[in-house]
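Novice: Handing over final_38.pdb, PDB, C-alpha atoms.
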```pdb
MODEL        1
ATOM      1  CA  MET A   1      -3.681  -0.922  -0.474
ATOM      2  CA  ALA A   2      -3.449   2.836  -0.568
ATOM      3  CA  VAL A   3      -4.466   4.743  -3.668
ATOM      4  CA  GLU A   4      -2.872   8.136  -4.080
ATOM      5  CA  PRO A   5      -4.882  10.655  -6.130
ATOM      6  CA  ALA A   6      -3.215  13.191  -8.390
ATOM      7  CA  THR A   7      -1.403  15.619  -6.093
ATOM      8  CA  ARG A   8       0.295  18.061  -8.445
ATOM      9  CA  ALA A   9      -1.144  21.047 -10.212
ATOM     10  CA  ALA A  10       0.020  22.250 -13.604
ATOM     11  CA  THR A  11       2.950  24.013 -11.889
ATOM     12  CA  GLY A  12       4.170  20.724 -10.504
ATOM     13  CA  LYS A  13       3.712  21.851  -6.887
ATOM     14  CA  PRO A  14       1.960  19.513  -4.416
ATOM     15  CA  ARG A  15      -1.602  20.443  -3.539
ATOM     16  CA  PRO A  16      -2.124  21.090   0.180
ATOM     17  CA  GLU A  17      -5.120  18.744   0.383
ATOM     18  CA  ALA A  18      -3.178  15.745  -0.990
ATOM     19  CA  ARG A  19      -3.867  12.541   0.943
ATOM     20  CA  HIS A  20      -3.804   8.794   0.581
ATOM     21  CA  LEU A  21      -7.110   7.069  -0.096
ATOM     22  CA  GLU A  22      -7.541   3.514   1.119
ATOM     23  CA  PHE A  23      -9.801   0.828  -0.247
ATOM     24  CA  ALA A  24     -12.327  -0.076   2.444
ATOM     25  CA  VAL A  25     -15.280  -2.419   2.860
ATOM     26  CA  LEU A  26     -18.164  -1.794   5.238
ATOM     27  CA  GLY A  27     -21.027  -4.253   5.538
ATOM     28  CA  THR A  28     -22.640  -7.326   7.005
ATOM     29  CA  ASN A  29     -23.307 -10.878   5.872
ATOM     30  CA  HIS A  30     -24.816 -14.220   6.902
ATOM     31  CA  ARG A  31     -22.181 -14.714   9.592
ATOM     32  CA  HIS A  32     -22.835 -11.384  11.299
ATOM     33  CA  ALA A  33     -26.588 -10.838  11.027
ATOM     34  CA  PRO A  34     -29.684 -13.055  10.825
ATOM     35  CA  ILE A  35     -31.824 -12.982   7.690
ATOM     36  CA  HIS A  36     -34.469 -10.600   9.077
ATOM     37  CA  VAL A  37     -31.770  -8.030   9.927
ATOM     38  CA  ARG A  38     -30.120  -8.356   6.521
ATOM     39  CA  GLU A  39     -33.488  -7.917   4.809
ATOM     40  CA  ARG A  40     -34.161  -4.751   6.817
ATOM     41  CA  LEU A  41     -30.716  -3.322   6.088
ATOM     42  CA  ALA A  42     -31.153  -4.019   2.360
ATOM     43  CA  ARG A  43     -34.219  -1.775   2.128
ATOM     44  CA  ASP A  44     -33.765   1.483   0.237
ATOM     45  CA  ALA A  45     -34.177   3.672   3.327
ATOM     46  CA  SER A  46     -31.487   1.761   5.245
ATOM     47  CA  VAL A  47     -29.126   1.792   2.256
ATOM     48  CA  ARG A  48     -29.523   5.560   1.904
ATOM     49  CA  ARG A  49     -28.799   5.997   5.610
ATOM     50  CA  LEU A  50     -25.744   3.748   5.366
ATOM     51  CA  ILE A  51     -24.332   5.726   2.430
ATOM     52  CA  ALA A  52     -25.106   9.076   4.060
ATOM     53  CA  SER A  53     -23.440   7.951   7.288
ATOM     54  CA  ILE A  54     -20.229   6.788   5.658
ATOM     55  CA  GLU A  55     -19.964   9.948   3.564
ATOM     56  CA  ALA A  56     -20.484  12.077   6.693
ATOM     57  CA  HIS A  57     -17.659  10.332   8.559
ATOM     58  CA  ALA A  58     -15.210   9.562   5.772
ATOM     59  CA  SER A  59     -13.657  11.267   2.807
ATOM     60  CA  VAL A  60     -15.132   9.128   0.015
ATOM     61  CA  SER A  61     -13.980   9.568  -3.566
ATOM     62  CA  ALA A  62     -15.676   6.520  -5.127
ATOM     63  CA  ARG A  63     -18.023   3.751  -4.060
ATOM     64  CA  LEU A  64     -20.150   0.830  -5.123
ATOM     65  CA  LEU A  65     -22.917  -1.062  -3.331
ATOM     66  CA  LEU A  66     -22.967  -4.871  -3.327
ATOM     67  CA  SER A  67     -26.339  -6.208  -2.178
ATOM     68  CA  THR A  68     -27.216  -9.919  -2.348
ATOM     69  CA  CYS A  69     -29.438 -12.275  -0.386
ATOM     70  CA  ASN A  70     -26.573 -13.014   2.023
ATOM     71  CA  ARG A  71     -24.744  -9.710   2.303
ATOM     72  CA  ILE A  72     -24.854  -5.962   1.893
ATOM     73  CA  GLU A  73     -21.522  -4.170   1.505
ATOM     74  CA  LEU A  74     -20.250  -0.742   0.541
ATOM     75  CA  TRP A  75     -16.875  -0.842  -1.230
ATOM     76  CA  PHE A  76     -15.200   2.545  -1.376
ATOM     77  CA  LEU A  77     -12.009   4.560  -1.720
ATOM     78  CA  GLY A  78     -11.548   7.075   1.053
ATOM     79  CA  THR A  79     -10.304   7.753   4.552
ATOM     80  CA  LEU A  80     -12.071   6.679   7.728
ATOM     81  CA  PRO A  81     -10.334   8.209  10.781
ATOM     82  CA  ASP A  82     -12.168   6.195  13.470
ATOM     83  CA  PRO A  83     -13.568   2.918  12.053
ATOM     84  CA  LEU A  84     -14.723   1.421  15.371
ATOM     85  CA  GLY A  85     -16.316   4.643  16.555
ATOM     86  CA  PHE A  86     -18.099   4.953  13.235
ATOM     87  CA  ARG A  87     -19.312   1.362  13.481
ATOM     88  CA  HIS A  88     -21.008   2.113  16.803
ATOM     89  CA  GLU A  89     -22.651   5.266  15.449
ATOM     90  CA  LEU A  90     -23.836   3.476  12.316
ATOM     91  CA  ALA A  91     -25.274   0.575  14.317
ATOM     92  CA  SER A  92     -27.145   3.005  16.565
ATOM     93  CA  SER A  93     -28.611   4.900  13.601
ATOM     94  CA  LEU A  94     -29.786   1.650  11.979
ATOM     95  CA  ASP A  95     -31.065   0.089  15.225
ATOM     96  CA  ALA A  96     -28.576  -2.773  15.080
ATOM     97  CA  GLU A  97     -25.810  -4.177  17.246
ATOM     98  CA  PRO A  98     -22.281  -2.905  16.470
ATOM     99  CA  GLU A  99     -21.167  -6.510  15.865
ATOM    100  CA  THR A 100     -23.632  -6.628  12.962
ATOM    101  CA  PHE A 101     -21.134  -4.673  10.853
ATOM    102  CA  TYR A 102     -17.542  -5.295   9.856
ATOM    103  CA  ILE A 103     -15.098  -2.737   8.502
ATOM    104  CA  HIS A 104     -11.983  -3.748   6.561
ATOM    105  CA  THR A 105      -9.402  -1.290   5.253
ATOM    106  CA  GLY A 106      -6.301  -1.504   3.096
ATOM    107  CA  ASN A 107      -4.941  -4.955   2.313
ATOM    108  CA  ALA A 108      -7.501  -6.619   4.593
ATOM    109  CA  ALA A 109     -10.285  -5.038   2.524
ATOM    110  CA  ILE A 110      -8.776  -6.295  -0.732
ATOM    111  CA  GLU A 111      -8.376  -9.799   0.699
ATOM    112  CA  HIS A 112     -12.007  -9.747   1.848
ATOM    113  CA  ALA A 113     -13.201  -8.525  -1.570
ATOM    114  CA  VAL A 114     -11.343 -11.344  -3.342
ATOM    115  CA  ARG A 115     -12.847 -13.929  -0.970
ATOM    116  CA  VAL A 116     -16.310 -12.517  -1.685
ATOM    117  CA  ALA A 117     -15.906 -12.353  -5.476
ATOM    118  CA  SER A 118     -14.510 -15.896  -5.643
ATOM    119  CA  GLY A 119     -17.385 -17.396  -3.664
ATOM    120  CA  MET A 120     -15.075 -18.460  -0.834
ATOM    121  CA  ASP A 121     -17.037 -16.277   1.600
ATOM    122  CA  SER A 122     -20.484 -17.402   0.447
ATOM    123  CA  MET A 123     -23.017 -19.442   2.399
ATOM    124  CA  ALA A 124     -22.661 -22.112  -0.295
ATOM    125  CA  TRP A 125     -18.899 -22.462  -0.813
ATOM    126  CA  GLY A 126     -17.806 -21.540  -4.312
ATOM    127  CA  GLU A 127     -21.229 -20.423  -5.562
ATOM    128  CA  PRO A 128     -20.715 -18.736  -8.934
ATOM    129  CA  GLN A 129     -23.373 -16.007  -8.917
ATOM    130  CA  ILE A 130     -21.470 -13.633  -6.632
ATOM    131  CA  GLY A 131     -18.722 -12.982  -9.184
ATOM    132  CA  ALA A 132     -21.278 -11.720 -11.696
ATOM    133  CA  GLN A 133     -23.029  -9.713  -8.980
ATOM    134  CA  VAL A 134     -19.785  -7.892  -8.141
ATOM    135  CA  LEU A 135     -19.339  -6.861 -11.781
ATOM    136  CA  GLU A 136     -23.024  -5.886 -12.039
ATOM    137  CA  SER A 137     -22.609  -3.653  -8.965
ATOM    138  CA  LEU A 138     -19.574  -2.052 -10.590
ATOM    139  CA  SER A 139     -21.553  -1.404 -13.786
ATOM    140  CA  VAL A 140     -24.346   0.266 -11.796
ATOM    141  CA  ALA A 141     -21.816   2.415  -9.914
ATOM    142  CA  GLU A 142     -20.100   3.453 -13.154
ATOM    143  CA  ALA A 143     -23.419   4.271 -14.835
ATOM    144  CA  ASN A 144     -24.384   6.510 -11.903
ATOM    145  CA  GLY A 145     -21.028   8.243 -11.693
ATOM    146  CA  TRP A 146     -20.240   6.836  -8.234
ATOM    147  CA  THR A 147     -16.891   5.346  -9.178
ATOM    148  CA  GLY A 148     -13.737   6.538 -10.892
ATOM    149  CA  ARG A 149     -10.841   4.916 -12.728
ATOM    150  CA  GLU A 150      -9.002   3.783  -9.570
ATOM    151  CA  LEU A 151     -11.937   1.905  -8.028
ATOM    152  CA  SER A 152     -13.035   0.442 -11.374
ATOM    153  CA  GLU A 153      -9.548  -0.916 -12.036
ATOM    154  CA  LEU A 154      -9.244  -2.276  -8.516
ATOM    155  CA  VAL A 155     -12.585  -4.125  -8.687
ATOM    156  CA  ARG A 156     -11.697  -5.628 -12.061
ATOM    157  CA  LYS A 157      -8.375  -6.831 -10.628
ATOM    158  CA  VAL A 158     -10.281  -8.304  -7.674
ATOM    159  CA  SER A 159     -12.547 -10.098 -10.149
ATOM    160  CA  ALA A 160      -9.570 -11.455 -12.102
ATOM    161  CA  ALA A 161      -7.904 -12.664  -8.884
ATOM    162  CA  ALA A 162     -11.166 -14.351  -7.872
ATOM    163  CA  GLY A 163     -11.175 -16.256 -11.155
ATOM    164  CA  HIS A 164      -7.618 -17.481 -10.547
ATOM    165  CA  ILE A 165      -8.597 -18.637  -7.049
ATOM    166  CA  ARG A 166     -11.615 -20.564  -8.306
ATOM    167  CA  ARG A 167      -9.459 -22.354 -10.872
ATOM    168  CA  ALA A 168      -6.720 -23.087  -8.324
ATOM    169  CA  ALA A 169      -9.308 -24.423  -5.874
ATOM    170  CA  HIS A 170     -10.828 -26.597  -8.634
ATOM    171  CA  VAL A 171     -14.307 -25.279  -7.894
ATOM    172  CA  PRO A 172     -16.743 -27.386  -9.977
ATOM    173  CA  VAL A 173     -18.381 -25.415 -12.772
ATOM    174  CA  ASN A 174     -21.804 -26.688 -11.687
ATOM    175  CA  THR A 175     -21.438 -25.484  -8.081
ATOM    176  CA  GLY A 176     -24.773 -24.062  -6.997
ATOM    177  CA  SER A 177     -26.024 -21.409  -4.622
ATOM    178  CA  ALA A 178     -27.513 -21.847  -1.158
ATOM    179  CA  GLY A 179     -30.899 -21.956  -2.888
ATOM    180  CA  ASP A 180     -29.756 -24.850  -5.076
ATOM    181  CA  ALA A 181     -28.567 -26.724  -1.993
ATOM    182  CA  ALA A 182     -31.951 -26.154  -0.343
ATOM    183  CA  VAL A 183     -33.828 -27.474  -3.393
ATOM    184  CA  ASN A 184     -31.596 -30.552  -3.566
ATOM    185  CA  LEU A 185     -32.240 -31.222   0.123
ATOM    186  CA  ILE A 186     -36.013 -30.832  -0.357
ATOM    187  CA  LEU A 187     -36.048 -33.234  -3.299
ATOM    188  CA  SER A 188     -33.967 -35.774  -1.398
ATOM    189  CA  ARG A 189     -36.353 -35.685   1.583
ATOM    190  CA  LEU A 190     -39.668 -35.831  -0.272
ATOM    191  CA  SER A 191     -41.725 -38.848   0.654
ATOM    192  CA  ALA A 192     -43.054 -41.109  -2.065
ATOM    193  CA  GLY A 193     -46.320 -39.806  -3.434
ATOM    194  CA  VAL A 194     -45.696 -36.144  -2.533
ATOM    195  CA  SER A 195     -46.641 -34.188  -5.620
ATOM    196  CA  ARG A 196     -46.844 -30.563  -4.501
ATOM    197  CA  VAL A 197     -44.488 -28.129  -2.733
ATOM    198  CA  LEU A 198     -45.220 -24.691  -1.276
ATOM    199  CA  VAL A 199     -42.773 -21.933  -2.252
ATOM    200  CA  VAL A 200     -43.034 -18.844  -0.067
ATOM    201  CA  GLY A 201     -41.870 -15.625  -1.744
ATOM    202  CA  THR A 202     -41.474 -14.502  -5.332
ATOM    203  CA  GLY A 203     -38.121 -12.759  -5.051
ATOM    204  CA  LYS A 204     -35.048 -13.807  -6.985
ATOM    205  CA  MET A 205     -34.300 -16.811  -4.763
ATOM    206  CA  GLY A 206     -37.948 -17.892  -4.782
ATOM    207  CA  ARG A 207     -38.072 -17.766  -8.585
ATOM    208  CA  LEU A 208     -34.872 -19.791  -8.917
ATOM    209  CA  ALA A 209     -36.155 -22.405  -6.466
ATOM    210  CA  ALA A 210     -39.507 -22.603  -8.246
ATOM    211  CA  ARG A 211     -37.846 -23.201 -11.616
ATOM    212  CA  ARG A 212     -35.758 -26.030 -10.165
ATOM    213  CA  LEU A 213     -38.708 -27.649  -8.397
ATOM    214  CA  ALA A 214     -41.174 -27.291 -11.274
ATOM    215  CA  SER A 215     -39.549 -30.098 -13.234
ATOM    216  CA  SER A 216     -40.109 -32.556 -10.376
ATOM    217  CA  VAL A 217     -43.242 -31.564  -8.449
ATOM    218  CA  GLY A 218     -46.294 -29.340  -8.631
ATOM    219  CA  LEU A 219     -45.979 -25.906  -7.050
ATOM    220  CA  THR A 220     -48.082 -23.632  -4.895
ATOM    221  CA  ILE A 221     -46.559 -20.160  -4.645
ATOM    222  CA  ALA A 222     -47.356 -17.768  -1.798
ATOM    223  CA  ASP A 223     -46.297 -14.177  -2.410
TER     224      ASP A 223
ENDMDL
END
```
Would you put the structure from the file into C-alpha coordinates?

Specialist:
Amino acid sequence: MAVEPATRAATGKPRPEARHLEFAVLGTNHRHAPIHVRERLARDASVRRLIASIEAHASVSARLLLSTCNRIELWFLGTLPDPLGFRHELASSLDAEPETFYIHTGNAAIEHAVRVASGMDSMAWGEPQIGAQVLESLSVAEANGWTGRELSELVRKVSAAAGHIRRAAHVPVNTGSAGDAAVNLILSRLSAGVSRVLVVGTGKMGRLAARRLASSVGLTIAD
(Lines of atoms letter the chains of each structure in order from A and count residues from 1; the text may use other names and numbers.)
(Lines give C-alpha, C1' and ligand atoms only; values in the text may rest on other atoms or scores of the structure.)
Protein backbone atom coordinates (compact mmCIF):
# COMPACT_ATOMS: atom_id res chain seq x y z
CA MET A 1 0.00 0.00 0.00
CA ALA A 2 1.47 3.31 -1.03
CA VAL A 3 0.64 6.46 0.90
CA GLU A 4 0.98 9.68 -1.03
CA PRO A 5 1.72 12.78 1.08
CA ALA A 6 0.32 16.18 0.20
CA THR A 7 2.05 17.23 -3.02
CA ARG A 8 0.52 20.60 -3.86
CA ALA A 9 1.36 24.00 -2.48
CA ALA A 10 -1.17 26.78 -2.07
CA THR A 11 -0.76 27.60 -5.78
CA GLY A 12 -1.88 24.13 -6.72
CA LYS A 13 1.45 23.28 -8.38
CA PRO A 14 3.13 19.94 -7.58
CA ARG A 15 6.11 20.13 -5.25
CA PRO A 16 9.33 18.82 -6.79
CA GLU A 17 10.07 16.54 -3.83
CA ALA A 18 6.71 14.72 -4.08
CA ARG A 19 7.05 10.95 -3.70
CA HIS A 20 5.11 7.89 -2.70
CA LEU A 21 5.66 6.56 0.81
CA GLU A 22 5.19 2.86 1.41
CA PHE A 23 4.26 1.10 4.61
CA ALA A 24 7.16 -1.15 5.61
CA VAL A 25 8.02 -3.53 8.43
CA LEU A 26 11.57 -4.32 9.53
CA GLY A 27 12.25 -6.74 12.36
CA THR A 28 12.82 -10.21 13.71
CA ASN A 29 10.81 -12.76 15.66
CA HIS A 30 10.89 -16.24 17.20
CA ARG A 31 11.16 -17.87 13.78
CA HIS A 32 14.20 -15.87 12.71
CA ALA A 33 16.29 -15.45 15.86
CA PRO A 34 16.85 -17.42 19.07
CA ILE A 35 15.80 -15.91 22.39
CA HIS A 36 19.28 -14.66 23.37
CA VAL A 37 19.56 -12.73 20.08
CA ARG A 38 16.08 -11.23 20.45
CA GLU A 39 16.88 -10.17 24.02
CA ARG A 40 20.08 -8.46 22.85
CA LEU A 41 18.32 -6.69 19.99
CA ALA A 42 15.59 -5.46 22.35
CA ARG A 43 18.08 -3.55 24.51
CA ASP A 44 17.92 0.23 24.30
CA ALA A 45 21.31 0.57 22.61
CA SER A 46 20.38 -1.90 19.85
CA VAL A 47 16.97 -0.27 19.34
CA ARG A 48 18.60 3.15 18.96
CA ARG A 49 21.05 1.72 16.43
CA LEU A 50 18.22 0.04 14.52
CA ILE A 51 16.23 3.29 14.31
CA ALA A 52 19.29 5.34 13.37
CA SER A 53 20.20 2.84 10.65
CA ILE A 54 16.77 2.81 9.04
CA GLU A 55 16.53 6.60 9.11
CA ALA A 56 19.98 6.86 7.50
CA HIS A 57 19.01 4.56 4.62
CA ALA A 58 15.35 5.40 4.12
CA SER A 59 13.14 8.43 3.88
CA VAL A 60 11.01 7.89 7.00
CA SER A 61 8.02 10.11 7.69
CA ALA A 62 6.48 8.16 10.60
CA ARG A 63 7.29 5.12 12.69
CA LEU A 64 6.40 3.01 15.68
CA LEU A 65 8.35 0.34 17.56
CA LEU A 66 6.70 -2.96 18.49
CA SER A 67 8.76 -4.86 21.07
CA THR A 68 7.48 -8.03 22.76
CA CYS A 69 9.05 -11.16 24.21
CA ASN A 70 8.89 -12.85 20.79
CA ARG A 71 9.55 -10.04 18.34
CA ILE A 72 10.97 -6.60 17.76
CA GLU A 73 9.68 -4.69 14.74
CA LEU A 74 9.81 -1.17 13.34
CA TRP A 75 6.66 -0.21 11.41
CA PHE A 76 7.15 2.88 9.28
CA LEU A 77 6.05 4.95 6.31
CA GLY A 78 8.89 5.78 3.96
CA THR A 79 11.02 4.69 1.04
CA LEU A 80 13.77 2.09 1.21
CA PRO A 81 15.68 1.98 -2.11
CA ASP A 82 17.71 -1.19 -1.43
CA PRO A 83 16.01 -3.39 1.21
CA LEU A 84 18.35 -6.40 0.90
CA GLY A 85 21.48 -4.27 0.89
CA PHE A 86 20.22 -2.44 3.95
CA ARG A 87 19.47 -5.74 5.69
CA HIS A 88 23.09 -6.82 5.30
CA GLU A 89 24.41 -3.50 6.60
CA LEU A 90 22.03 -3.55 9.56
CA ALA A 91 22.96 -7.13 10.46
CA SER A 92 26.65 -6.24 10.35
CA SER A 93 26.17 -3.20 12.59
CA LEU A 94 24.21 -5.26 15.14
CA ASP A 95 26.54 -8.29 14.98
CA ALA A 96 23.82 -10.58 13.63
CA GLU A 97 23.24 -12.73 10.58
CA PRO A 98 21.33 -11.07 7.70
CA GLU A 99 18.71 -13.83 7.91
CA THR A 100 17.92 -12.62 11.44
CA PHE A 101 15.92 -9.75 9.93
CA TYR A 102 12.98 -9.61 7.55
CA ILE A 103 11.81 -6.60 5.57
CA HIS A 104 8.29 -6.36 4.15
CA THR A 105 7.04 -3.45 2.06
CA GLY A 106 3.72 -2.41 0.57
CA ASN A 107 0.90 -4.94 0.63
CA ALA A 108 3.18 -7.64 2.04
CA ALA A 109 3.91 -5.38 5.02
CA ILE A 110 0.21 -4.78 5.66
CA GLU A 111 -0.53 -8.51 5.44
CA HIS A 112 2.29 -9.21 7.90
CA ALA A 113 1.04 -6.52 10.30
CA VAL A 114 -2.48 -7.98 10.28
CA ARG A 115 -1.11 -11.48 10.98
CA VAL A 116 0.88 -10.07 13.90
CA ALA A 117 -1.97 -8.02 15.39
CA SER A 118 -4.41 -10.94 15.13
CA GLY A 119 -2.10 -13.37 16.92
CA MET A 120 -1.80 -15.58 13.84
CA ASP A 121 1.96 -15.00 13.77
CA SER A 122 2.52 -15.57 17.49
CA MET A 123 4.39 -18.43 19.13
CA ALA A 124 1.09 -19.39 20.79
CA TRP A 125 -1.47 -19.25 17.97
CA GLY A 126 -4.16 -16.65 18.56
CA GLU A 127 -2.70 -15.24 21.79
CA PRO A 128 -4.64 -12.07 22.62
CA GLN A 129 -1.98 -9.85 24.20
CA ILE A 130 -0.34 -8.83 20.92
CA GLY A 131 -3.37 -6.86 19.73
CA ALA A 132 -3.22 -4.65 22.81
CA GLN A 133 0.56 -4.35 22.47
CA VAL A 134 0.20 -3.03 18.91
CA LEU A 135 -2.19 -0.30 20.08
CA GLU A 136 0.06 0.49 23.07
CA SER A 137 3.02 0.91 20.69
CA LEU A 138 0.91 3.26 18.57
CA SER A 139 -0.01 5.31 21.65
CA VAL A 140 3.67 5.63 22.62
CA ALA A 141 4.58 6.68 19.06
CA GLU A 142 1.80 9.28 18.98
CA ALA A 143 2.76 10.66 22.40
CA ASN A 144 6.37 11.09 21.24
CA GLY A 145 5.46 12.65 17.91
CA TRP A 146 6.88 9.75 15.88
CA THR A 147 3.73 9.10 13.89
CA GLY A 148 1.32 11.14 11.81
CA ARG A 149 -2.28 10.79 10.67
CA GLU A 150 -1.53 8.33 7.84
CA LEU A 151 0.34 5.79 9.98
CA SER A 152 -2.10 6.14 12.89
CA GLU A 153 -5.07 5.46 10.61
CA LEU A 154 -3.32 2.55 8.94
CA VAL A 155 -2.44 0.87 12.26
CA ARG A 156 -6.00 1.28 13.53
CA LYS A 157 -7.31 -0.30 10.32
CA VAL A 158 -4.81 -3.14 10.81
CA SER A 159 -6.14 -3.58 14.35
CA ALA A 160 -9.75 -3.64 13.13
CA ALA A 161 -8.89 -6.20 10.44
CA ALA A 162 -7.14 -8.33 13.07
CA GLY A 163 -10.32 -8.35 15.14
CA HIS A 164 -12.36 -9.53 12.15
CA ILE A 165 -9.84 -12.32 11.52
CA ARG A 166 -9.95 -13.52 15.12
CA ARG A 167 -13.74 -13.68 14.99
CA ALA A 168 -13.73 -15.45 11.61
CA ALA A 169 -11.17 -17.95 12.89
CA HIS A 170 -13.27 -18.54 16.03
CA VAL A 171 -10.27 -17.94 18.27
CA PRO A 172 -11.36 -18.85 21.84
CA VAL A 173 -11.60 -15.83 24.12
CA ASN A 174 -9.53 -17.65 26.76
CA THR A 175 -6.62 -18.38 24.39
CA GLY A 176 -3.41 -17.85 26.32
CA SER A 177 0.14 -16.80 25.57
CA ALA A 178 3.23 -18.97 25.22
CA GLY A 179 3.79 -18.38 28.93
CA ASP A 180 0.33 -19.74 29.73
CA ALA A 181 1.06 -22.83 27.66
CA ALA A 182 4.32 -23.33 29.55
CA VAL A 183 2.58 -23.05 32.93
CA ASN A 184 -0.11 -25.52 31.87
CA LEU A 185 2.58 -27.96 30.75
CA ILE A 186 4.46 -27.58 34.05
CA LEU A 187 1.32 -28.20 36.10
CA SER A 188 0.42 -31.24 34.01
CA ARG A 189 3.89 -32.76 34.52
CA LEU A 190 4.30 -32.13 38.25
CA SER A 191 4.75 -35.31 40.22
CA ALA A 192 2.53 -35.98 43.21
CA GLY A 193 3.90 -34.33 46.31
CA VAL A 194 5.82 -31.58 44.49
CA SER A 195 4.99 -28.40 46.34
CA ARG A 196 7.50 -25.82 45.11
CA VAL A 197 8.56 -24.48 41.69
CA LEU A 198 11.51 -22.26 40.78
CA VAL A 199 10.70 -19.26 38.56
CA VAL A 200 13.77 -17.69 36.98
CA GLY A 201 13.36 -14.01 36.08
CA THR A 202 11.08 -11.23 37.25
CA GLY A 203 10.22 -9.69 33.89
CA LYS A 204 6.71 -9.49 32.52
CA MET A 205 6.57 -13.15 31.50
CA GLY A 206 8.06 -14.26 34.82
CA ARG A 207 5.46 -12.27 36.77
CA LEU A 208 2.60 -13.70 34.72
CA ALA A 209 3.89 -17.25 35.21
CA ALA A 210 4.35 -16.70 38.94
CA ARG A 211 0.78 -15.46 39.35
CA ARG A 212 -0.57 -18.53 37.55
CA LEU A 213 1.58 -20.96 39.53
CA ALA A 214 1.03 -19.34 42.93
CA SER A 215 -2.49 -20.71 43.19
CA SER A 216 -1.23 -24.29 42.83
CA VAL A 217 2.28 -24.55 44.27
CA GLY A 218 4.79 -22.68 46.40
CA LEU A 219 7.27 -20.48 44.55
CA THR A 220 10.95 -19.68 44.71
CA ILE A 221 11.83 -16.72 42.50
CA ALA A 222 15.36 -16.11 41.20
CA ASP A 223 15.93 -12.64 39.78

Novice: Could you give me, as a JSON list (two decimals) with C-alpha atoms, in the frame of the given file, the residues within 12 Å of Arg48 of chain A, counting all atoms listed in the file and dropping anything in the same chain fewer than 6 positions from it?

Specialist:
```
[["chain", "number", "residue", "atom", "x", "y", "z"],
["A", 41, "LEU", "CA", -30.72, -3.32, 6.09],
["A", 42, "ALA", "CA", -31.15, -4.02, 2.36],
["A", 54, "ILE", "CA", -20.23, 6.79, 5.66],
["A", 55, "GLU", "CA", -19.96, 9.95, 3.56],
["A", 65, "LEU", "CA", -22.92, -1.06, -3.33],
["A", 74, "LEU", "CA", -20.25, -0.74, 0.54],
["A", 93, "SER", "CA", -28.61, 4.90, 13.60],
["A", 94, "LEU", "CA", -29.79, 1.65, 11.98]]
```

Novice: Can you tell me, as a short mmCIF file (atom, residue, chain, number, x, y, z; two decimals) with C-alpha atoms, in the coordinates of the input, what residues are no more than 9 Å from segment 109-116 of chain A when counting all atoms listed in the file, ignoring any on the same chain fewer than 4 positions away?

Specialist:
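Wrote it out as around.cif, contents follow:
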```
data_model
loop_
_atom_site.label_atom_id
_atom_site.label_comp_id
_atom_site.auth_asym_id
_atom_site.auth_seq_id
_atom_site.Cartn_x
_atom_site.Cartn_y
_atom_site.Cartn_z
CA MET A 1 -3.68 -0.92 -0.47
CA PHE A 23 -9.80 0.83 -0.25
CA ALA A 24 -12.33 -0.08 2.44
CA VAL A 25 -15.28 -2.42 2.86
CA LEU A 26 -18.16 -1.79 5.24
CA TRP A 75 -16.88 -0.84 -1.23
CA ILE A 103 -15.10 -2.74 8.50
CA HIS A 104 -11.98 -3.75 6.56
CA THR A 105 -9.40 -1.29 5.25
CA MET A 120 -15.08 -18.46 -0.83
CA ASP A 121 -17.04 -16.28 1.60
CA SER A 122 -20.48 -17.40 0.45
CA ILE A 130 -21.47 -13.63 -6.63
CA GLY A 131 -18.72 -12.98 -9.18
CA VAL A 134 -19.78 -7.89 -8.14
CA LEU A 154 -9.24 -2.28 -8.52
CA VAL A 155 -12.58 -4.12 -8.69
CA VAL A 158 -10.28 -8.30 -7.67
CA SER A 159 -12.55 -10.10 -10.15
CA ALA A 160 -9.57 -11.46 -12.10
CA ALA A 161 -7.90 -12.66 -8.88
CA ALA A 162 -11.17 -14.35 -7.87
CA ILE A 165 -8.60 -18.64 -7.05
#
```

Novice: Name the residues that the PyMOL selection byres ((chain A and resi 142) around 12) picks from the file above, as a ChimeraX atom specification, using the file's chain letters and numbers.

Specialist: /A:62-65,135-141,143-153,155

Novice: When you count all atoms listed in the file, which of these residues is closest to Ser92 of chain A: A:Glu73, A:Gly78, A:Ser53, A:Pro128?

Specialist: A:Ser53

Novice: Restricting the calculation to all atoms listed in the file, which member of A:Arg87, A:Arg49, A:Arg38, A:Arg166 is positioned closest to Cys69 of chain A?

Specialist: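 Closest residue, counting all atoms listed in the file: A:Arg38.
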